[in-house]
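Taking it in order: structure first as structure tokens, then the write-up.
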Amino acid sequence: MIKVDKLVKRFADSVVLDGIDLEIQQGEIIVVIGPSGTGKSTLLRCLNFLEQPDAGQLTIGDLSVDVTRATRRQILEIRRRTAFVFQNYALFANKTALENIAEGLIVVNRWPEAKAHERARQILERIGLKDKANAYPASLSGGQQQRVGIGRAMAAQAEVILFDEPTSSLDPEWVDEVLSLMKQLAEERQTMLVVTHEMSFARDVADRVVFMEGGRIVEQGPPSELFRAPKDPRTRDFLRKVLPEAPVESPLF
Amino acid sequence: MSILNVDYMLGLFPILVSYLPLTLGMAAAGMVMALILSCCLAVIRVLRLPILNGLTKLFISFFRGTPLLVQLFLFYYGFPKLIADMAGVSVTILGHTTVLPMWLENATEISAITAAIIGLTLHFSAYMAESIRAAIVGVDRSQTEAALSIGMTNGQLMRRIVLPQATRIAVPTLMNYFIDMIKATSLAFALGVTELMGATQKEAASSFNYFEAFITAAVLYWAVVELLAWLQRRLESRLNEAYRR
Ligand SMILES: Nc1ncnc2c1ncn2[C@@H]1O[C@H](COP(=O)(O)OP(=O)(O)OP(=O)(O)O)[C@@H](O)[C@H]1O
Ligand SMILES: [Mg+2]
């Protein structure tokens with residue numbers, strides 16, 4: 001289980017995360033939506049300590065830390081328990097697809113290379129890239145690169161995989177293959193926290209949709225409720241802009 | 001009598017070749033030490049270590065801002081003289097008076113070859129530090145973030161991700177500096193070292209075949225540099241393998 005309490009993050013003078021409370025059950029699939037500049041990426045980056053939060057409590061499994069007092073060791077541990085899938089893939093440019101997936105196992109988990117490569121091969125098979133094991137990122141399509149990015153996150157055996165707009169940089173032709181891999185993971189009940197603008201993915205796959213605005217969680221609920229009957233006017237406004245079919249003006253009872 | 005004394009050049013060639021080991025040896029020694037030193041300086045600059053960063057900037061500024069020949073003279077004639085002159089001098093520091101030991105007189109006598117290698121090392125490490133720093137900074141930030149995200153330490157991500165990628169960026173420039181350094185060893189001649197250039201000068205002076213002697217030396221330097229340029233191209237294409245589409 002993952003629990004975030006009163007998480008605050010400031011950049012210079014602006015408060016980007018203004019006391020976020022969020023609980024994620026094991027196996028839960030959560031989709032975060034919201035306008036641009038609302039702090040969605042910052043939330044994910046704080047969970048992974050790519051940004052140092054300014055206040056709050058973070059609990060991942062049996063590890064619970066006051067984020068301002070987290071030691072170097074605890075930060076490393078938190079990063080190991082949360083895997084990140086980047087919008088721009090961020091594959092290690094000097095490593096092959098296989099090595100990208102095996103790298104963490106070898107360096108962080110200290111597995112012997114043969115065992116790590118064995119596991120990486122299994123993952124490549126699951127993400128449908130068995131024949132690209134020795135290809136370098138530069139020679140892969142965007143969709144293939146992002147699948148390797150997801151494969152790298154899968155290898156980490158993290159408590160949760162954080163996806164920050166995993167399909168936003170992709171040419172339209174590659175979006176489906178990435179989304180269907182994510183669906184496959186969701187079916188296996190991999191805990192996921194996904195920031196995305198793919199509303200159909202949110203509707204079909206999410207257990208819960210979280211709507212953020214101005215550094216706060218405005219509203220959350222199962223997609224069937226949140227999409228059909230948003231309670232907050234801000235949610236309604238946002239959904240009207242992003243949903244192909246306009247949502248209803250007011251909650252239906 | 002012909003304009004060009006070809007027989008003389010053919011005879012001179014093997015003589016000059018026998019000085020290549022010294023020329024290349026000085027360059028190789030200088031390059032190895034300059035690589036080590038410049039990596040340290042680059043890391044100091046990248047991490048902005050307090051105090052050391054300022055000193056490093058000063059070091060780089062001085063060695064890039066003054067001619068190599070001046071630096072070589074400073075190391076061969078200047079510093080040893082300065083230190084030798086201090087022998088037996090009494091100095092007062094914080095009200096405490098001591099007489100500097102007499103052994104200082106001979107302590108810093110160094111051979112011209114050593115002075116040349118030290119000069120080349122310091123001079124080129126100033127340039128190389130800046131290109132290594134630029135290469136490290138030039139590795140995309142996303143690479144560091146990805147490495148951090150899976151729980152790597154700073155040391156691990158430097159070793160496994162950043163430095164290998166920085167190497168690819170830095171190698172072309174570093175190879176150019178090595179080539180420059182080979183040519184710069186000829187300045188050691190001014191310290192009295194009989195390396196390729198010194199030997200050529202002696203041969204030319206004793207035979208009066210100035211043109212033949214120096215053109216032979218030039219061809220020899222040129223051949224070495226071309227060979228290195230060829231190696232450089234092969235190395236670069238190997239390093240670029242991972243980045244080809
Ligand atoms: N490193 C930073 N330094 C200063 N300000 C930042 C930094 N990172 C983000 N911000 C600011 O924080 C706010 C939230 O940014 P964030 O990237 O989290 O938004 P987002 O919800 O992910 O938006 P988008 O949908 O455009 O990705 C923005 O106003 C942004 O300008
Ligand atoms: Mg974002």
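Within each chain, counting starts at residue 1; across the structure tokens, chains are named A, B, ... in the order shown, with ligands numbered 1 upward in that order.
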
Surroundings of ligand 2 up to 10 Å, based on only C-alpha atoms and all ligand atoms, as a list in words: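 With only C-alpha atoms and all ligand atoms and a cut-off of 10 Å, ligand 2 is contacted by Gly34, Pro35, Ser36, Gly37, Thr38, Gly39, Lys40, Ser41, Thr42, Leu43, Leu44, Arg45, Phe86, Gln87, Asp164, Glu165, Ser168, Val195 and Thr196 of chain A.
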
What are the residues of chain B lining chain A at 10 Å or less? Count only C-alpha atoms, and put the answer as a PyMOL selection string. chain B and resi 139-153+156-157+160-162+164-165+168+239-245

Using DSSP on the backbone coordinates, identify all residues within range 1-149 of chain B classified as strand (DSSP E); present the result as JSON, numbers by chain. {"B": [90, 91, 92, 93, 96, 97, 98, 99]}

Restricted to N, CA and C atoms, what would the selected residues look like written as a PDB file, in the first residue's frame?
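Generated output (out32.pdb):
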```pdb
ATOM      1  N   SER B  90      66.466  32.864   5.997  1.00  0.00           N
ATOM      2  CA  SER B  90      65.652  32.802   7.207  1.00  0.00           C
ATOM      3  C   SER B  90      64.339  33.547   6.970  1.00  0.00           C
ATOM      4  N   VAL B  91      63.268  32.899   7.373  1.00  0.00           N
ATOM      5  CA  VAL B  91      61.954  33.511   7.180  1.00  0.00           C
ATOM      6  C   VAL B  91      61.213  33.601   8.513  1.00  0.00           C
ATOM      7  N   THR B  92      60.398  34.623   8.629  1.00  0.00           N
ATOM      8  CA  THR B  92      59.613  34.809   9.839  1.00  0.00           C
ATOM      9  C   THR B  92      58.124  34.661   9.512  1.00  0.00           C
ATOM     10  N   ILE B  93      57.536  33.619  10.095  1.00  0.00           N
ATOM     11  CA  ILE B  93      56.105  33.430   9.887  1.00  0.00           C
ATOM     12  C   ILE B  93      55.416  33.462  11.243  1.00  0.00           C
ATOM     13  N   HIS B  96      57.569  33.538  14.187  1.00  0.00           N
ATOM     14  CA  HIS B  96      58.394  32.358  14.351  1.00  0.00           C
ATOM     15  C   HIS B  96      59.448  32.365  13.254  1.00  0.00           C
ATOM     16  N   THR B  97      60.724  32.389  13.645  1.00  0.00           N
ATOM     17  CA  THR B  97      61.755  32.484  12.618  1.00  0.00           C
ATOM     18  C   THR B  97      62.426  31.136  12.385  1.00  0.00           C
ATOM     19  N   THR B  98      62.477  30.717  11.107  1.00  0.00           N
ATOM     20  CA  THR B  98      63.186  29.483  10.784  1.00  0.00           C
ATOM     21  C   THR B  98      64.120  29.730   9.615  1.00  0.00           C
ATOM     22  N   VAL B  99      65.160  28.903   9.565  1.00  0.00           N
ATOM     23  CA  VAL B  99      66.075  28.970   8.424  1.00  0.00           C
ATOM     24  C   VAL B  99      65.730  27.812   7.500  1.00  0.00           C
TER      25      VAL B  99
END
```

Would you mind writing down, as a ChimeraX atom specification, each residue of range 16-194 of chain B that DSSP on the backbone assigns to alpha helix (DSSP H)? /B:16-17,20-47,52-65,68-73,79-85,104-107,112-138,141-149,154-157,163-184

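Nearest-residue note for ligand 1: choosing from A:Met212, A:Leu170, A:Met182, A:Val8, the minimum distance belongs to A:Met212, counting only C-alpha atoms and all ligand atoms.
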
Could you pull the residues within 10 Å of Thr56 in chain B, counting only C-alpha atoms, minus those fewer than 3 positions along the same chain, as a ChimeraX atom specification? /B:40-42,44-45,48-49,51-53,59-62,126,129

Residue contacts of range 53-69 of chain A (7 Å, only C-alpha atoms) excluding same-chain residues fewer than 4 positions away, as a PDB file with N, CA and C atoms, in the first residue's frame:
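selection.pdb was written with the following content:
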```pdb
ATOM      1  N   MET A   1       0.824  -1.200   0.000  1.00  0.00           N
ATOM      2  CA  MET A   1       0.000   0.000   0.000  1.00  0.00           C
ATOM      3  C   MET A   1       0.863   1.256   0.000  1.00  0.00           C
ATOM      4  N   ILE A   2       0.373   2.262  -0.682  1.00  0.00           N
ATOM      5  CA  ILE A   2       1.096   3.533  -0.743  1.00  0.00           C
ATOM      6  C   ILE A   2       0.209   4.626  -0.188  1.00  0.00           C
ATOM      7  N   LYS A   3       0.811   5.467   0.650  1.00  0.00           N
ATOM      8  CA  LYS A   3       0.018   6.506   1.273  1.00  0.00           C
ATOM      9  C   LYS A   3       0.796   7.815   1.242  1.00  0.00           C
ATOM     10  N   VAL A   4       0.128   8.860   0.788  1.00  0.00           N
ATOM     11  CA  VAL A   4       0.734  10.188   0.744  1.00  0.00           C
ATOM     12  C   VAL A   4      -0.078  11.084   1.657  1.00  0.00           C
ATOM     13  N   ASP A   5       0.600  11.758   2.590  1.00  0.00           N
ATOM     14  CA  ASP A   5      -0.115  12.642   3.519  1.00  0.00           C
ATOM     15  C   ASP A   5       0.393  14.069   3.410  1.00  0.00           C
ATOM     16  N   LYS A   6      -0.486  14.987   3.123  1.00  0.00           N
ATOM     17  CA  LYS A   6      -0.176  16.432   3.160  1.00  0.00           C
ATOM     18  C   LYS A   6       1.108  16.758   2.432  1.00  0.00           C
ATOM     19  N   LEU A   7       1.253  16.227   1.243  1.00  0.00           N
ATOM     20  CA  LEU A   7       2.475  16.441   0.478  1.00  0.00           C
ATOM     21  C   LEU A   7       2.494  17.859  -0.103  1.00  0.00           C
ATOM     22  N   VAL A   8       3.606  18.560   0.158  1.00  0.00           N
ATOM     23  CA  VAL A   8       3.735  19.939  -0.323  1.00  0.00           C
ATOM     24  C   VAL A   8       5.027  20.062  -1.117  1.00  0.00           C
ATOM     25  N   LYS A   9       4.932  20.743  -2.263  1.00  0.00           N
ATOM     26  CA  LYS A   9       6.139  21.044  -3.027  1.00  0.00           C
ATOM     27  C   LYS A   9       6.053  22.473  -3.552  1.00  0.00           C
ATOM     28  N   ARG A  10       7.118  23.230  -3.305  1.00  0.00           N
ATOM     29  CA  ARG A  10       7.182  24.606  -3.812  1.00  0.00           C
ATOM     30  C   ARG A  10       8.334  24.727  -4.784  1.00  0.00           C
ATOM     31  N   CYS A  46       7.808  13.643  -7.074  1.00  0.00           N
ATOM     32  CA  CYS A  46       8.026  13.668  -5.617  1.00  0.00           C
ATOM     33  C   CYS A  46       7.943  12.250  -5.042  1.00  0.00           C
TER      34      CYS A  46
END
```

In Å, with one decimal, what is the gap from CA of Glu23 in chain A to CA of Thr71 in chain A? 22.9 Å

Quick one: pull the distance between CA of Asp232 in chain A and CA of Met199 in chain A, Å, one decimal.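 Between these atoms lies a distance of 18.0 Å.
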
With a distance cut-off of 9 Å and only C-alpha atoms, select the neighbouring residues of Leu20 in chain B, excluding the residue or stretch itself and same-chain residues fewer than 6 positions from it, and output the selection as an NGL selection string. :B and (195-196 or 220)

Using only C-alpha atoms, which residues sit within 10 Å of Ala133 in chain A once same-chain residues fewer than 4 positions away are excluded, as a list in words?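 Everything that qualifies: Thr96, Ala97, Leu98, Glu99, Asn100, Ile101, His117, Ala120, Arg121, Leu124, Glu125, Leu129 and Val148 of chain A.
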
Those selected residues, please, written with all heavy atoms and delivered as an mmCIF file, in the first residue's frame.
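Now in again10.cif:
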```cif
data_model
loop_
_atom_site.group_PDB
_atom_site.id
_atom_site.type_symbol
_atom_site.label_atom_id
_atom_site.label_comp_id
_atom_site.auth_asym_id
_atom_site.auth_seq_id
_atom_site.Cartn_x
_atom_site.Cartn_y
_atom_site.Cartn_z
ATOM 1 N N THR A 96 21.831 -1.485 -24.768
ATOM 2 C CA THR A 96 20.839 -2.136 -25.624
ATOM 3 C C THR A 96 19.517 -2.277 -24.871
ATOM 4 O O THR A 96 19.450 -2.037 -23.655
ATOM 5 C CB THR A 96 21.302 -3.545 -26.026
ATOM 6 O OG1 THR A 96 21.427 -4.327 -24.830
ATOM 7 C CG2 THR A 96 22.628 -3.512 -26.749
ATOM 8 N N ALA A 97 18.478 -2.688 -25.602
ATOM 9 C CA ALA A 97 17.171 -2.905 -24.978
ATOM 10 C C ALA A 97 17.311 -3.868 -23.800
ATOM 11 O O ALA A 97 16.814 -3.618 -22.698
ATOM 12 C CB ALA A 97 16.184 -3.455 -26.007
ATOM 13 N N LEU A 98 18.013 -4.973 -24.045
ATOM 14 C CA LEU A 98 18.211 -5.974 -22.990
ATOM 15 C C LEU A 98 18.939 -5.363 -21.788
ATOM 16 O O LEU A 98 18.525 -5.542 -20.636
ATOM 17 C CB LEU A 98 19.021 -7.156 -23.552
ATOM 18 C CG LEU A 98 19.296 -8.286 -22.566
ATOM 19 C CD1 LEU A 98 18.136 -9.267 -22.555
ATOM 20 C CD2 LEU A 98 20.595 -9.012 -22.888
ATOM 21 N N GLU A 99 20.005 -4.628 -22.068
ATOM 22 C CA GLU A 99 20.800 -4.038 -20.983
ATOM 23 C C GLU A 99 20.011 -2.972 -20.219
ATOM 24 O O GLU A 99 20.171 -2.822 -19.008
ATOM 25 C CB GLU A 99 22.088 -3.418 -21.545
ATOM 26 C CG GLU A 99 23.089 -4.450 -22.014
ATOM 27 C CD GLU A 99 24.185 -3.867 -22.886
ATOM 28 O OE1 GLU A 99 24.038 -2.719 -23.380
ATOM 29 O OE2 GLU A 99 25.186 -4.567 -23.105
ATOM 30 N N ASN A 100 19.165 -2.229 -20.930
ATOM 31 C CA ASN A 100 18.336 -1.234 -20.262
ATOM 32 C C ASN A 100 17.466 -1.888 -19.197
ATOM 33 O O ASN A 100 17.293 -1.359 -18.102
ATOM 34 C CB ASN A 100 17.445 -0.516 -21.278
ATOM 35 C CG ASN A 100 18.026 0.815 -21.709
ATOM 36 O OD1 ASN A 100 17.880 1.814 -21.003
ATOM 37 N ND2 ASN A 100 18.723 0.822 -22.828
ATOM 38 N N ILE A 101 16.917 -3.050 -19.542
ATOM 39 C CA ILE A 101 16.029 -3.728 -18.607
ATOM 40 C C ILE A 101 16.827 -4.393 -17.481
ATOM 41 O O ILE A 101 16.417 -4.403 -16.323
ATOM 42 C CB ILE A 101 15.162 -4.757 -19.369
ATOM 43 C CG1 ILE A 101 14.259 -4.006 -20.356
ATOM 44 C CG2 ILE A 101 14.324 -5.595 -18.412
ATOM 45 C CD1 ILE A 101 13.493 -4.901 -21.292
ATOM 46 N N HIS A 117 20.157 -10.961 -17.134
ATOM 47 C CA HIS A 117 19.860 -11.029 -18.568
ATOM 48 C C HIS A 117 18.747 -12.026 -18.851
ATOM 49 O O HIS A 117 17.907 -11.817 -19.722
ATOM 50 C CB HIS A 117 21.123 -11.374 -19.351
ATOM 51 C CG HIS A 117 22.037 -10.189 -19.520
ATOM 52 N ND1 HIS A 117 23.159 -10.205 -20.292
ATOM 53 C CD2 HIS A 117 21.962 -8.936 -18.999
ATOM 54 C CE1 HIS A 117 23.757 -9.011 -20.249
ATOM 55 N NE2 HIS A 117 23.042 -8.239 -19.456
ATOM 56 N N ALA A 120 15.645 -10.266 -17.995
ATOM 57 C CA ALA A 120 15.396 -9.232 -19.013
ATOM 58 C C ALA A 120 14.821 -9.860 -20.282
ATOM 59 O O ALA A 120 13.930 -9.310 -20.918
ATOM 60 C CB ALA A 120 16.675 -8.466 -19.316
ATOM 61 N N ARG A 121 15.321 -11.051 -20.641
ATOM 62 C CA ARG A 121 14.802 -11.745 -21.820
ATOM 63 C C ARG A 121 13.327 -12.109 -21.656
ATOM 64 O O ARG A 121 12.520 -11.970 -22.576
ATOM 65 C CB ARG A 121 15.619 -13.014 -22.096
ATOM 66 C CG ARG A 121 16.611 -12.832 -23.200
ATOM 67 C CD ARG A 121 17.465 -14.081 -23.400
ATOM 68 N NE ARG A 121 18.864 -13.738 -23.222
ATOM 69 C CZ ARG A 121 19.546 -12.984 -24.082
ATOM 70 N NH1 ARG A 121 18.968 -12.527 -25.168
ATOM 71 N NH2 ARG A 121 20.814 -12.687 -23.853
ATOM 72 N N LEU A 124 11.414 -8.963 -22.117
ATOM 73 C CA LEU A 124 11.363 -8.601 -23.544
ATOM 74 C C LEU A 124 10.302 -9.428 -24.269
ATOM 75 O O LEU A 124 9.597 -8.937 -25.141
ATOM 76 C CB LEU A 124 12.729 -8.828 -24.193
ATOM 77 C CG LEU A 124 13.749 -7.713 -23.988
ATOM 78 C CD1 LEU A 124 15.127 -8.148 -24.484
ATOM 79 C CD2 LEU A 124 13.313 -6.439 -24.717
ATOM 80 N N GLU A 125 10.208 -10.688 -23.898
ATOM 81 C CA GLU A 125 9.203 -11.554 -24.511
ATOM 82 C C GLU A 125 7.795 -11.049 -24.182
ATOM 83 O O GLU A 125 6.927 -10.963 -25.042
ATOM 84 C CB GLU A 125 9.397 -12.981 -23.987
ATOM 85 C CG GLU A 125 8.379 -13.968 -24.505
ATOM 86 C CD GLU A 125 9.052 -15.226 -25.048
ATOM 87 O OE1 GLU A 125 10.118 -15.598 -24.498
ATOM 88 O OE2 GLU A 125 8.512 -15.815 -25.998
ATOM 89 N N LEU A 129 9.197 -7.764 -27.614
ATOM 90 C CA LEU A 129 10.391 -7.231 -28.287
ATOM 91 C C LEU A 129 11.574 -8.196 -28.187
ATOM 92 O O LEU A 129 12.729 -7.768 -28.115
ATOM 93 C CB LEU A 129 10.769 -5.872 -27.682
ATOM 94 C CG LEU A 129 9.815 -4.717 -27.989
ATOM 95 C CD1 LEU A 129 10.211 -3.465 -27.215
ATOM 96 C CD2 LEU A 129 9.804 -4.411 -29.491
ATOM 97 N N VAL A 148 10.180 -0.616 -24.017
ATOM 98 C CA VAL A 148 11.386 -0.963 -23.255
ATOM 99 C C VAL A 148 11.402 -0.169 -21.942
ATOM 100 O O VAL A 148 11.758 -0.693 -20.886
ATOM 101 C CB VAL A 148 12.673 -0.696 -24.072
ATOM 102 C CG1 VAL A 148 13.913 -0.930 -23.212
ATOM 103 C CG2 VAL A 148 12.709 -1.584 -25.296
#
```

Find the residue from A:Phe163, A:Ser180, A:Ile217, A:Arg240 that sits nearest to Gly143 in chain A; use only C-alpha atoms when measuring. A:Ser180

Atomic distance CA of Ala213 in chain B - CA of Lys183 in chain B, expressed in Å with one decimal: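 Taking CA of Ala213 in chain B as the start and CA of Lys183 in chain B as the end point, the length is 16.7 Å.
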